[in-house]
Amino acid sequence: MTTRLHRGGPPSLRPAPVDPAEVGIVHLGIGAFHRAHQAVVTEDAALATGEDRWGILGVTQRSAAVRDQLRPQGGVYTVLTVSTREATARVIGSVTDVAWPAEETPRILATIAARTTHIVTLTVTEKGYARRADGDLDTEAVRDDLGLLAAEETGEGADQEPGPATTAVGLLVRGLAARRRAGGAPLTVVSCDNLADNGRVLARLVRQAVDAALPGRTGDALRCWLASAVTFPCTMVDRIVPATTSAHRGEVAELLGARDEGVVVAEPFLQWVVEDRFAGPRPAWELGGATLTSDVAPYERAKLRLLNGAHSYLAYAGSLAGHATIADAVADPVLAAGARALQADALETLEAPEGVDLPAYAEALLGRFANPATGHATRQVAMDGTSKIPVRWGTTLGDLLASRPHGVHAPGVVGALAAWATFVVTEVRAGRPLDDPRGDELRTAVQGAPDQAAAARALVRLTGLLPGVEDVRLDEVADAVVGAIRTRDEVGAR
């Protein structure tokens, strides 16, 4: 049997020298994306500087699966980088261990509180932020953690072990409170999710959690410490990381001569833009390939509207057309034209970061999508639409309509909304479950409509779906979307 990958394995399989006992970063939401992105940049920074103090304690949110994959391997795993020409395998060791809150919340809180920890990072997806449709904290969703936070801050049950955290935001706020109680060393909290202005969004949610759990003077000490000692930089992240298959694991075993249960797969491209606003020490991420800047917003808007926007469109339109992968979808000339139309709408709303050619960037994205080796499934990308559409399409549409007081002249965004609405209607009528945080609302909207046009109108008018679009203009948008659906159906019937 092939030997299992491990930190103490043969020299040819050992990653960069990271002290497994030295945790400098706690990462919440250690799925494939973090392991193929921030963890790689952290390792490259360690290679460039020789620093070994930036080990990462990963925290898995939904299950113990990643912990059970990586802990027997000493935290190490392989990134399989795939292009149209070749596949290469690299062993990464910046993750020193993985913990599961259901069983290890006390350890996680203690590690966030430790003076040797300087950074908490997050990749918990848009729905992991427990936000309501209006963007504020869903206090009901984090109620259990807020109750535990209140007890921990007031000293109730001090002789008992901290209860298990059930949400990422709740775990983070409890960890921040534990750090203040342990002496209050400064800390930087870095959101690495596809949320516009993600650092400031997270800072607001943390404040709202404190206000809900510790109203009035009870929470003053924690609020003051957060304001003075904790920063929340904004970031932009970019790398396509498809699901790992048994074939990928077999390929890694062939390349390395070792079995790895924690393989992650990624395209060659990687980008990370970080606002240079840290409360204390940090890895030399810029030496690992990251861009440190005073203003992330132009990069963020371009990526969300050009890359993520087109990716989502191809997922919905591709699934409807019977394409299993994004690569198949973008190879379809009709769908590629739809993606370019969406990008053209977005380009009208964007300011290019210094030195960036946005039209060339947009076209290069379609080339990245066409890489069949990534195997990014359309149905996988189609998940969580109501969390993604507001920042990927809604903001573009809002900006366009603000500059055009009459008519909806945004064919790309309208076509994308038509694809999404048709996808949702198709899924509901087929009796398939909707993998979306607002799935019940979507299902109710479709089932309560007499026909597809009425269903599409109800979906487009969903609260919070299209931020920046005035309510009085939503009817215009809904009319345009219904028109696009009818045109699509007519063309398909010919």
# chains A, B, ... in the order shown; residues from 1 in each chain; ligands from 1
$ select_by_dssp --residues "stretch 172-261 of chain A" --states "strand (DSSP E or B)" --output "list in words"
Leu187, Thr188, Val189, Val190, Ser191, Val230, Thr231, Thr235, Met236, Val237, Asp238 and Arg259 of chain A
$ residues_around --residues "A:Val210" --least-positions-apart "5" --cutoff "9 Å" --atoms "only C-alpha atoms" --output "PyMOL selection string"
chain A and resi 146+149-150+173+205+215+219+222-223
$ select_by_dssp --residues "stretch 216-284 of chain A" --states "alpha helix (DSSP H)" --output "ChimeraX atom specification"
/A:220-229,246-256
$ write_last_selection --atoms "all heavy atoms" --output "compact mmCIF listing (two decimals), in the first residue's frame"
# COMPACT_ATOMS: atom_id res chain seq x y z
N ASP A 220 -19.48 47.58 26.94
CA ASP A 220 -18.62 48.73 26.64
C ASP A 220 -17.14 48.36 26.57
O ASP A 220 -16.41 48.83 25.70
CB ASP A 220 -18.83 49.83 27.69
CG ASP A 220 -20.09 50.63 27.44
OD1 ASP A 220 -20.70 50.45 26.36
OD2 ASP A 220 -20.47 51.44 28.31
N ALA A 221 -16.68 47.52 27.48
CA ALA A 221 -15.26 47.18 27.50
C ALA A 221 -14.85 46.46 26.22
O ALA A 221 -13.81 46.75 25.62
CB ALA A 221 -14.94 46.30 28.71
N LEU A 222 -15.71 45.53 25.77
CA LEU A 222 -15.40 44.80 24.54
C LEU A 222 -15.48 45.73 23.33
O LEU A 222 -14.61 45.68 22.45
CB LEU A 222 -16.36 43.63 24.38
CG LEU A 222 -16.17 42.74 23.15
CD1 LEU A 222 -14.75 42.22 23.04
CD2 LEU A 222 -17.16 41.56 23.19
N ARG A 223 -16.49 46.61 23.29
CA ARG A 223 -16.61 47.54 22.16
C ARG A 223 -15.41 48.47 22.08
O ARG A 223 -14.88 48.72 21.00
CB ARG A 223 -17.90 48.35 22.30
CG ARG A 223 -19.14 47.64 21.76
CD ARG A 223 -20.34 48.57 21.77
NE ARG A 223 -20.86 48.74 23.12
CZ ARG A 223 -21.78 47.96 23.66
NH1 ARG A 223 -22.30 46.97 22.97
NH2 ARG A 223 -22.21 48.17 24.90
N CYS A 224 -14.97 48.99 23.20
CA CYS A 224 -13.81 49.89 23.20
C CYS A 224 -12.56 49.17 22.73
O CYS A 224 -11.75 49.73 21.97
CB CYS A 224 -13.62 50.47 24.60
SG CYS A 224 -14.86 51.68 25.08
N TRP A 225 -12.37 47.94 23.20
CA TRP A 225 -11.18 47.19 22.78
C TRP A 225 -11.22 46.90 21.29
O TRP A 225 -10.20 47.04 20.59
CB TRP A 225 -11.08 45.89 23.58
CG TRP A 225 -9.92 45.05 23.15
CD1 TRP A 225 -8.60 45.26 23.43
CD2 TRP A 225 -9.99 43.88 22.32
NE1 TRP A 225 -7.83 44.29 22.83
CE2 TRP A 225 -8.65 43.43 22.14
CE3 TRP A 225 -11.02 43.18 21.72
CZ2 TRP A 225 -8.34 42.31 21.39
CZ3 TRP A 225 -10.72 42.06 20.98
CH2 TRP A 225 -9.40 41.63 20.80
N LEU A 226 -12.36 46.50 20.77
CA LEU A 226 -12.48 46.24 19.33
C LEU A 226 -12.11 47.48 18.53
O LEU A 226 -11.40 47.40 17.51
CB LEU A 226 -13.90 45.80 18.99
CG LEU A 226 -14.33 44.40 19.43
CD1 LEU A 226 -15.83 44.22 19.26
CD2 LEU A 226 -13.58 43.33 18.64
N ALA A 227 -12.57 48.64 18.96
CA ALA A 227 -12.31 49.87 18.24
C ALA A 227 -10.84 50.26 18.27
O ALA A 227 -10.31 50.84 17.30
CB ALA A 227 -13.16 51.00 18.81
N SER A 228 -10.15 49.92 19.34
CA SER A 228 -8.77 50.38 19.50
C SER A 228 -7.72 49.35 19.11
O SER A 228 -6.59 49.73 18.77
CB SER A 228 -8.53 50.79 20.95
OG SER A 228 -8.67 49.66 21.82
N ALA A 229 -8.06 48.07 19.15
CA ALA A 229 -7.02 47.04 19.01
C ALA A 229 -7.23 46.06 17.86
O ALA A 229 -6.34 45.24 17.59
CB ALA A 229 -6.90 46.25 20.32
N SER A 246 -11.73 11.44 -6.93
CA SER A 246 -10.86 10.29 -6.68
C SER A 246 -9.77 10.19 -7.75
O SER A 246 -8.65 9.74 -7.47
CB SER A 246 -11.68 9.00 -6.64
OG SER A 246 -12.40 8.83 -7.85
N ALA A 247 -10.08 10.64 -8.97
CA ALA A 247 -9.07 10.65 -10.03
C ALA A 247 -7.93 11.60 -9.69
O ALA A 247 -6.76 11.30 -9.96
CB ALA A 247 -9.71 11.03 -11.36
N HIS A 248 -8.27 12.76 -9.11
CA HIS A 248 -7.23 13.70 -8.69
C HIS A 248 -6.34 13.08 -7.62
O HIS A 248 -5.10 13.22 -7.65
CB HIS A 248 -7.86 14.99 -8.15
CG HIS A 248 -8.55 15.81 -9.18
ND1 HIS A 248 -9.79 16.38 -8.99
CD2 HIS A 248 -8.18 16.18 -10.44
CE1 HIS A 248 -10.14 17.05 -10.06
NE2 HIS A 248 -9.18 16.94 -10.97
N ARG A 249 -6.95 12.40 -6.67
CA ARG A 249 -6.15 11.76 -5.61
C ARG A 249 -5.24 10.69 -6.21
O ARG A 249 -4.08 10.54 -5.79
CB ARG A 249 -7.07 11.15 -4.55
CG ARG A 249 -7.86 12.19 -3.76
CD ARG A 249 -8.60 11.55 -2.59
NE ARG A 249 -9.43 12.54 -1.91
CZ ARG A 249 -10.69 12.81 -2.20
NH1 ARG A 249 -11.31 12.11 -3.16
NH2 ARG A 249 -11.36 13.73 -1.55
N GLY A 250 -5.76 9.96 -7.18
CA GLY A 250 -4.92 8.95 -7.83
C GLY A 250 -3.77 9.59 -8.59
O GLY A 250 -2.64 9.05 -8.60
N GLU A 251 -4.02 10.73 -9.22
CA GLU A 251 -2.96 11.43 -9.96
C GLU A 251 -1.87 11.90 -9.01
O GLU A 251 -0.67 11.80 -9.31
CB GLU A 251 -3.58 12.61 -10.71
CG GLU A 251 -2.63 13.27 -11.70
CD GLU A 251 -3.34 14.25 -12.61
OE1 GLU A 251 -4.56 14.50 -12.41
OE2 GLU A 251 -2.68 14.78 -13.52
N VAL A 252 -2.27 12.41 -7.84
CA VAL A 252 -1.28 12.85 -6.85
C VAL A 252 -0.46 11.67 -6.35
O VAL A 252 0.77 11.76 -6.19
CB VAL A 252 -1.98 13.58 -5.69
CG1 VAL A 252 -1.04 13.72 -4.49
CG2 VAL A 252 -2.46 14.95 -6.14
N ALA A 253 -1.10 10.55 -6.11
CA ALA A 253 -0.36 9.36 -5.65
C ALA A 253 0.69 8.95 -6.68
O ALA A 253 1.80 8.54 -6.32
CB ALA A 253 -1.34 8.22 -5.38
N GLU A 254 0.33 9.06 -7.95
CA GLU A 254 1.29 8.75 -9.03
C GLU A 254 2.45 9.73 -9.03
O GLU A 254 3.62 9.35 -9.16
CB GLU A 254 0.58 8.80 -10.38
CG GLU A 254 -0.32 7.62 -10.67
CD GLU A 254 0.44 6.46 -11.29
OE1 GLU A 254 1.41 6.72 -12.03
OE2 GLU A 254 0.09 5.32 -11.01
N LEU A 255 2.15 11.02 -8.88
CA LEU A 255 3.19 12.05 -8.97
C LEU A 255 4.11 12.04 -7.76
O LEU A 255 5.32 12.26 -7.89
CB LEU A 255 2.54 13.43 -9.10
CG LEU A 255 1.83 13.73 -10.44
CD1 LEU A 255 1.00 15.00 -10.33
CD2 LEU A 255 2.87 13.87 -11.55
N LEU A 256 3.55 11.79 -6.56
CA LEU A 256 4.35 11.89 -5.34
C LEU A 256 4.83 10.55 -4.81
O LEU A 256 5.78 10.49 -4.04
CB LEU A 256 3.53 12.56 -4.23
CG LEU A 256 3.09 14.01 -4.44
CD1 LEU A 256 2.39 14.51 -3.18
CD2 LEU A 256 4.27 14.91 -4.78
$ residues_around --residues "stretch 101-115 of chain A" --least-positions-apart "3" --cutoff "9 Å" --atoms "only C-alpha atoms" --output "ChimeraX atom specification"
/A:23-26,57,59-61,63-64,118-120,161-166,171-172,174-187
$ residues_around --residues "A:Gly431" --least-positions-apart "4" --cutoff "12 Å" --atoms "only C-alpha atoms" --output "list in words"
Val424, Val425, Thr426, Glu427, Arg443, Val446 and Gln447 of chain A
$ atom_distance --atom1 "atom CA of A:Ala203" --atom2 "atom CA of A:Glu153"
19.2 Å
$ residues_around --residues "A:Val264" --least-positions-apart "6" --cutoff "6 Å" --atoms "only C-alpha atoms" --output "PyMOL selection string"
chain A and resi 32+79+244
$ write_last_selection --atoms "N, CA, C and O atoms" --output "mmCIF file, in the first residue's frame"
data_model
loop_
_atom_site.group_PDB
_atom_site.id
_atom_site.type_symbol
_atom_site.label_atom_id
_atom_site.label_comp_id
_atom_site.auth_asym_id
_atom_site.auth_seq_id
_atom_site.Cartn_x
_atom_site.Cartn_y
_atom_site.Cartn_z
ATOM 1 N N ALA A 32 -11.370 23.853 0.599
ATOM 2 C CA ALA A 32 -10.363 23.732 -0.459
ATOM 3 C C ALA A 32 -9.807 25.090 -0.863
ATOM 4 O O ALA A 32 -8.609 25.213 -1.167
ATOM 5 N N VAL A 79 -1.407 20.506 -3.182
ATOM 6 C CA VAL A 79 -2.149 21.298 -4.165
ATOM 7 C C VAL A 79 -1.789 20.750 -5.545
ATOM 8 O O VAL A 79 -0.614 20.786 -5.945
ATOM 9 N N THR A 244 -12.386 18.245 -5.607
ATOM 10 C CA THR A 244 -11.410 17.167 -5.746
ATOM 11 C C THR A 244 -12.129 15.849 -5.999
ATOM 12 O O THR A 244 -13.125 15.537 -5.339
#
$ residues_around --residues "stretch 366-368 of chain A" --least-positions-apart "5" --cutoff "10 Å" --atoms "only C-alpha atoms" --output "list of chain:residue names"
A:Ser83, A:Thr84, A:Arg239, A:Ile240, A:Glu267, A:Pro268, A:Phe269, A:Leu306, A:Leu307, A:Ala310, A:His311, A:Ile326, A:Ala327, A:Val330, A:Ala331, A:Ala336, A:Ala339, A:Arg340, A:Tyr361, A:Thr374
$ atom_distance --atom1 "atom CA of A:Trp54" --atom2 "atom CA of A:Cys192"
17.3 Å
$ atom_distance --atom1 "atom CA of A:Leu80" --atom2 "atom CA of A:Leu5"
14.0 Å
$ residues_around --residues "A:Leu397" --least-positions-apart "2" --cutoff "8 Å" --atoms "only C-alpha atoms" --output "count of residues only"
11
$ closest_residue --among "A:Pro242, A:Ala196, A:Pro233, A:Ala402" --to "A:Lys388" --atoms "only C-alpha atoms"
A:Ala196
$ closest_residue --among "A:Val230, A:Val481, A:Val265, A:Val408" --to "A:Gly280" --atoms "only C-alpha atoms"
A:Val230
$ closest_atom_pairs --of "stretch 397-490 of chain A" --to "stretch 124-135 of chain A" --cutoff "10 Å" --atoms "only C-alpha atoms" --output "JSON lines"
{"residue": "A:Asp436", "atom": "CA", "partner": "A:Lys127", "partner_atom": "CA", "distance": 8.6}
{"residue": "A:Pro437", "atom": "CA", "partner": "A:Lys127", "partner_atom": "CA", "distance": 6.6}
{"residue": "A:Arg438", "atom": "CA", "partner": "A:Ala133", "partner_atom": "CA", "distance": 9.1}
{"residue": "A:Leu462", "atom": "CA", "partner": "A:Ala133", "partner_atom": "CA", "distance": 9.2}
{"residue": "A:Thr463", "atom": "CA", "partner": "A:Ala133", "partner_atom": "CA", "distance": 6.5}
{"residue": "A:Gly464", "atom": "CA", "partner": "A:Ala133", "partner_atom": "CA", "distance": 5.3}
{"residue": "A:Leu465", "atom": "CA", "partner": "A:Ala133", "partner_atom": "CA", "distance": 8.0}
{"residue": "A:Pro467", "atom": "CA", "partner": "A:Asp134", "partner_atom": "CA", "distance": 9.2}
$ closest_residue --among "A:Tyr299, A:Trp285, A:Phe278, A:Phe369" --to "A:Asn194" --atoms "only C-alpha atoms"
A:Tyr299
